[in-house]
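Okay, so here's the structure we're looking at.
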Amino acid sequence: MKNNNSVTRAFAILAVAMGIWWMASVSPVEAAGDPIVVIVNNANPVDNLTLAELKKLFLGDRSRWDTGKAVAPVMLAPGAPERTAFLKIVCGMNDADLGKYFLQAAFTGKSATPPKEVGSAAAVKAFVAGSPGGIGFLKASDLPVGDTTVKAVKVDTAASDPTYKIKM
Amino acid sequence: MKTASAPVLKVPRIVSLALIMTFALSAHAQQATTDSTTQADADQQLQQRIKDLEIKVKELEDKPAPPAPAPPPAPEPQPTIDAPVVNEVAPRLHFNVFGDVGAQGYNHIPDTFLFGSLDLFMTARISDKVSTLAEVLFVADNTNAVSPDVERLLLTYRPNDYFVASVGRYHTWVGYYNTAFNYGEFLETTTDRPFMYAFDDQGGVLPMQEVGVNFTGKIPSGKLGLNYVVELGNGRAWGLNVEPTQNNQDANNSKSINGGLFIRPEKISGLQMGFSVRHDNLTIPGPAVAETIATVHAVYINNGYEILNEAMLVRHVEDFGPVFTTTGFYTQFSRAFHAYRPYFRYQYFNAPSNDPVYIYSSPNDYAPSYVNGFVGRVNGPSVGIRYDFTAHSALKFQYDRISERDLPTTNGLTAQIAFTF
């Protein structure tokens, strides 16, 4: 009888520990800090995107805009804090995950290519401004008010909204 | 004698001393005279030199000032942006090499270091809507010979996400694993494929390769994420020492057809569920056989978790004979802890020993040495750990316990290093 109780207690402790571990591992990412603005080419009629759509666009799961233009994502090179935050919040990945994802996508014939990488926020803007299907992201401070070279789009809500999810 | 000579000696010493002193004083006096002469000359030369310099300075002051030298040209600004190029979506060619080496020890075969495989994988975007894929594989057979094998050669037309057409030699969409992992051991968590997905040119029972056309794409379905696959090909050949893939000559006019549907719901990122049904008429030694293969899969890969579940059912029907049914499944679970990923897999496969098709299937030169044949029941667990020691290389250790009908249980350990570059 005593042995049965011990076993039951051990299982209970194990179950609680596993539950805590599970909850810790799946807890959502807390977003706080400067917003990250998503930008598209001025000729792109899109004004709103959902977080899920944004993920598809950057992971090659959606290859064309409604206009028929090929989606051409661009991002800063690894190490940029806005890139790290964007990948974590939007794609649920880190840089290593992203590399492996596109390696596997190519191997399975998905024909998805990784986002173009550039060295500065100005380069992101220039790429998007020059590519009809371009899409990128910047820190809000890198897109001053009145900058009309590219178009900022809402992702579920406007970047100024307190509930905006993509923040550093 | 001594007394007499001593005074004689004293005189010259004194004389010598006097002479030396005289010479020394004389030399000093002479030196002093010379020094004073040299100093006077030097003073004179310096004064002359100062005068010369004063004249030159005056001349320079009298001359008009020359124009200021031009400033050095400013360095050209470094380009801070990558100018968009015409082929902005992808470079012309991607080339990846996958390889694996390792060692294996099973209780009924000698311990062996393994060459594994060398996989040359190429993709290129020919135009905005057309791309190509080629894959050449080098594997060693059980006679230790390494030979090349063109795994895939595909031309793909992709006008949009709803219609993607490919023609060539491809890996069939029979279930999930065959198209998700193929031969890139680096991409696989485990050291090998499940039994049910063993390559048909290595004794496996499912048609893993096909020559023909296939169509894939999304079906407008909102957040459900519904996709389709349709494949039409030559089907496969069977027989002893026969290449299963009919590359250039189909044995009959009947074509294999395979169709599948799967969903990737937006609400549960990483989840994929689907099924496929394939039909082919096989021309083999003996009566013709109609083959139907059905598979189902439910896969979840996200947040470090990998959960793979697949099952298959194969029916072989002779024109005027019995029906032979083969079943199989596997389930695999793993979770990443930073660079480490422990995993567990259990698999089961059961083919009738008298199946008219499989009696030719195994073993052959390429069949895995740890399985005596893919006819009959094969089942057992595998546990292992994968350690990604760089972003492009992984070390795996796997323990397998394999039970086969009417045969002793096999225990084995495999160590593998898989990499890509």
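Convention: chains lettered A, B, ... in structure tokens order; per-chain residue numbering from 1; ligands numbered from 1 as shown.
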Can you tell me which residues surround region 112-116 of chain A at a distance of at most 7 Å, considering only C-alpha atoms, apart from same-chain residues fewer than 4 positions away, and format the answer as a ChimeraX atom specification? /A:58,60,73-75,102,105-106 /B:90
10 Å contacts from chain A to chain B using only C-alpha atoms, as an NGL selection string: :A and (25-26 or 52-53 or 61-66 or 68-74 or 91-93 or 95-97 or 99-101 or 103-131 or 133-134)
Skipping near chain neighbours, those fewer than 4 positions away, what residues fall within 9 Å of region 408-418 of chain B using only C-alpha atoms, listed as number ranges by chain? B: 98-108, 114, 116, 184-187, 191, 370-371, 392-404
Write to file, as a JSON list (two decimals), in the first residue's frame, the residues of the selection just made, with N, CA and C atoms.
```json
[["chain", "number", "residue", "atom", "x", "y", "z"],
["B", 98, "PHE", "N", 25.04, 17.31, -49.98],
["B", 98, "PHE", "CA", 24.70, 16.63, -48.73],
["B", 98, "PHE", "C", 25.55, 15.36, -48.64],
["B", 99, "GLY", "N", 26.01, 15.08, -47.47],
["B", 99, "GLY", "CA", 26.80, 13.86, -47.29],
["B", 99, "GLY", "C", 26.61, 13.29, -45.91],
["B", 100, "ASP", "N", 26.89, 12.02, -45.79],
["B", 100, "ASP", "CA", 26.88, 11.41, -44.46],
["B", 100, "ASP", "C", 27.86, 10.26, -44.43],
["B", 101, "VAL", "N", 28.51, 10.13, -43.29],
["B", 101, "VAL", "CA", 29.42, 9.03, -43.02],
["B", 101, "VAL", "C", 29.13, 8.55, -41.61],
["B", 102, "GLY", "N", 29.62, 7.37, -41.29],
["B", 102, "GLY", "CA", 29.34, 6.89, -39.95],
["B", 102, "GLY", "C", 29.87, 5.52, -39.69],
["B", 103, "ALA", "N", 29.28, 4.88, -38.69],
["B", 103, "ALA", "CA", 29.67, 3.52, -38.32],
["B", 103, "ALA", "C", 28.43, 2.82, -37.79],
["B", 104, "GLN", "N", 28.44, 1.49, -37.93],
["B", 104, "GLN", "CA", 27.25, 0.73, -37.56],
["B", 104, "GLN", "C", 27.67, -0.61, -36.96],
["B", 105, "GLY", "N", 26.98, -1.00, -35.93],
["B", 105, "GLY", "CA", 27.25, -2.30, -35.33],
["B", 105, "GLY", "C", 25.94, -3.01, -35.02],
["B", 106, "TYR", "N", 25.72, -4.15, -35.66],
["B", 106, "TYR", "CA", 24.53, -4.97, -35.41],
["B", 106, "TYR", "C", 24.99, -6.35, -34.96],
["B", 107, "ASN", "N", 24.12, -7.02, -34.25],
["B", 107, "ASN", "CA", 24.60, -8.24, -33.61],
["B", 107, "ASN", "C", 24.71, -9.44, -34.55],
["B", 108, "HIS", "N", 24.35, -9.28, -35.81],
["B", 108, "HIS", "CA", 24.49, -10.42, -36.71],
["B", 108, "HIS", "C", 25.37, -10.11, -37.92],
["B", 114, "LEU", "N", 30.81, 3.34, -42.34],
["B", 114, "LEU", "CA", 29.90, 3.51, -43.48],
["B", 114, "LEU", "C", 30.27, 4.74, -44.31],
["B", 116, "GLY", "N", 28.00, 5.90, -46.40],
["B", 116, "GLY", "CA", 26.74, 6.64, -46.40],
["B", 116, "GLY", "C", 26.34, 7.08, -47.79],
["B", 184, "GLY", "N", 18.55, 13.49, -48.19],
["B", 184, "GLY", "CA", 19.41, 14.37, -47.41],
["B", 184, "GLY", "C", 19.42, 13.98, -45.95],
["B", 185, "GLU", "N", 20.34, 13.14, -45.56],
["B", 185, "GLU", "CA", 20.36, 12.65, -44.18],
["B", 185, "GLU", "C", 20.49, 13.82, -43.20],
["B", 186, "PHE", "N", 21.09, 14.92, -43.64],
["B", 186, "PHE", "CA", 21.22, 16.06, -42.75],
["B", 186, "PHE", "C", 19.84, 16.60, -42.35],
["B", 187, "LEU", "N", 18.89, 16.51, -43.28],
["B", 187, "LEU", "CA", 17.57, 17.04, -43.00],
["B", 187, "LEU", "C", 16.75, 16.13, -42.10],
["B", 191, "THR", "N", 18.79, 8.53, -38.25],
["B", 191, "THR", "CA", 19.90, 8.15, -39.13],
["B", 191, "THR", "C", 19.41, 7.47, -40.41],
["B", 370, "TYR", "N", 20.70, -4.53, -42.03],
["B", 370, "TYR", "CA", 20.12, -4.93, -40.75],
["B", 370, "TYR", "C", 18.74, -5.54, -40.92],
["B", 371, "VAL", "N", 18.17, -5.42, -42.09],
["B", 371, "VAL", "CA", 16.87, -6.04, -42.34],
["B", 371, "VAL", "C", 17.07, -7.16, -43.35],
["B", 392, "HIS", "N", 25.49, 23.45, -40.04],
["B", 392, "HIS", "CA", 25.40, 22.63, -41.24],
["B", 392, "HIS", "C", 25.95, 21.22, -41.04],
["B", 393, "SER", "N", 26.06, 20.78, -39.83],
["B", 393, "SER", "CA", 26.52, 19.41, -39.60],
["B", 393, "SER", "C", 25.94, 18.89, -38.30],
["B", 394, "ALA", "N", 25.63, 17.62, -38.31],
["B", 394, "ALA", "CA", 24.97, 17.01, -37.15],
["B", 394, "ALA", "C", 25.57, 15.63, -36.88],
["B", 395, "LEU", "N", 25.65, 15.34, -35.61],
["B", 395, "LEU", "CA", 26.12, 14.02, -35.17],
["B", 395, "LEU", "C", 24.91, 13.30, -34.58],
["B", 396, "LYS", "N", 24.72, 12.05, -35.00],
["B", 396, "LYS", "CA", 23.56, 11.29, -34.51],
["B", 396, "LYS", "C", 24.02, 9.94, -33.95],
["B", 397, "PHE", "N", 23.39, 9.55, -32.88],
["B", 397, "PHE", "CA", 23.56, 8.21, -32.34],
["B", 397, "PHE", "C", 22.18, 7.58, -32.24],
["B", 398, "GLN", "N", 22.05, 6.36, -32.72],
["B", 398, "GLN", "CA", 20.73, 5.72, -32.73],
["B", 398, "GLN", "C", 20.86, 4.26, -32.35],
["B", 399, "TYR", "N", 19.94, 3.85, -31.50],
["B", 399, "TYR", "CA", 19.84, 2.43, -31.13],
["B", 399, "TYR", "C", 18.56, 1.88, -31.75],
["B", 400, "ASP", "N", 18.66, 0.75, -32.40],
["B", 400, "ASP", "CA", 17.50, 0.09, -33.02],
["B", 400, "ASP", "C", 17.33, -1.31, -32.43],
["B", 401, "ARG", "N", 16.10, -1.64, -32.20],
["B", 401, "ARG", "CA", 15.78, -3.01, -31.82],
["B", 401, "ARG", "C", 14.72, -3.49, -32.81],
["B", 402, "ILE", "N", 15.11, -4.42, -33.64],
["B", 402, "ILE", "CA", 14.26, -4.79, -34.78],
["B", 402, "ILE", "C", 13.85, -6.26, -34.65],
["B", 403, "SER", "N", 12.54, -6.46, -34.68],
["B", 403, "SER", "CA", 12.01, -7.82, -34.65],
["B", 403, "SER", "C", 11.50, -8.18, -36.03],
["B", 404, "GLU", "N", 11.82, -9.37, -36.46],
["B", 404, "GLU", "CA", 11.34, -9.85, -37.76],
["B", 404, "GLU", "C", 10.72, -11.23, -37.56]]
```
Would you list the contacts of Gly175 (chain B) as a short mmCIF file (atom, residue, chain, number, x, y, z; two decimals) with C-alpha atoms, in the first residue's frame, taking every protein, DNA or RNA residue within 12 Å and counting only C-alpha atoms, but skipping same-chain residues closer than 4 positions in sequence?
```
data_model
loop_
_atom_site.label_atom_id
_atom_site.label_comp_id
_atom_site.auth_asym_id
_atom_site.auth_seq_id
_atom_site.Cartn_x
_atom_site.Cartn_y
_atom_site.Cartn_z
CA HIS B 171 9.92 11.47 -55.75
CA THR B 179 9.00 14.24 -50.38
CA ALA B 180 9.93 15.95 -47.13
CA PHE B 181 13.30 14.30 -46.59
CA MET B 196 7.81 1.72 -45.06
CA TYR B 197 9.72 4.45 -46.88
CA LEU B 206 6.52 1.60 -51.91
CA PRO B 207 7.19 3.28 -55.26
CA MET B 208 9.42 6.15 -54.19
CA VAL B 229 -1.31 16.77 -55.51
CA ASN B 258 -1.64 9.24 -57.61
CA GLY B 259 -3.77 11.87 -55.91
CA GLY B 260 -3.62 13.48 -52.53
CA LEU B 261 -5.02 16.24 -50.39
CA PHE B 262 -3.55 17.82 -47.31
CA GLN B 272 -0.12 19.14 -41.70
CA MET B 273 -2.62 16.34 -42.21
CA GLY B 274 -3.48 14.55 -45.40
CA PHE B 275 -3.92 11.39 -47.41
CA SER B 276 -3.01 9.95 -50.78
CA VAL B 277 -4.33 7.17 -53.01
CA ARG B 278 -2.32 5.66 -55.84
CA ILE B 293 -1.67 2.25 -52.18
CA ALA B 294 -3.35 4.44 -49.59
CA THR B 295 -1.50 6.56 -47.03
CA VAL B 296 -2.50 8.97 -44.28
CA HIS B 297 -0.32 11.33 -42.29
CA ALA B 298 -0.51 13.79 -39.43
CA VAL B 299 2.60 15.82 -38.85
CA LEU B 308 5.46 12.48 -37.36
CA ASN B 309 2.73 9.89 -37.78
CA GLU B 310 2.04 7.97 -40.97
CA ALA B 311 0.27 4.80 -41.98
CA MET B 312 -0.11 2.90 -45.24
CA LEU B 313 -2.21 0.18 -46.76
CA GLY B 328 2.64 -0.36 -42.07
CA PHE B 329 3.00 2.68 -39.88
CA TYR B 330 5.52 4.64 -37.90
#
```
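Secondary structure from DSSP on the backbone puts helix (DSSP H, G or I) at the following positions of region 151-361 of chain B: B:Tyr177, B:Asn178, B:Thr179, B:Ala180, B:Phe195, B:Met196, B:Tyr197, B:Asp200, B:Asp201, B:Gln202, B:Gly222, B:Lys223, B:Leu224, B:Tyr358, B:Ile359, B:Tyr360.
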Select from region 73-163 of chain A everything DSSP, run on the backbone, classes as strand (DSSP E or B), then give the selection as number ranges by chain. A: 73-76, 116-118, 134-139, 151-155, 157
Work out how far CA of Val317 (chain B) is from CA of Ala288 (chain B), in Å to one decimal. 8.5 Å
Mind pulling up the distance from CA of Leu54 (chain A) to CA of Phe86 (chain A)?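 Answer for the CA of Phe86 (chain A) to CA of Leu54 (chain A) separation: 10.4 Å.
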Just how far from CA of Ala152 (chain A) is CA of Pro35 (chain A), in Å to one decimal? 12.1 Å
Nearest to Val155 (chain A) among A:Ala43, A:Leu76, A:Val90, A:Ala140, with distances taken over only C-alpha atoms: which residue is it?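 Of the candidates, the smallest distance to Val155 (chain A) is held by A:Val90.
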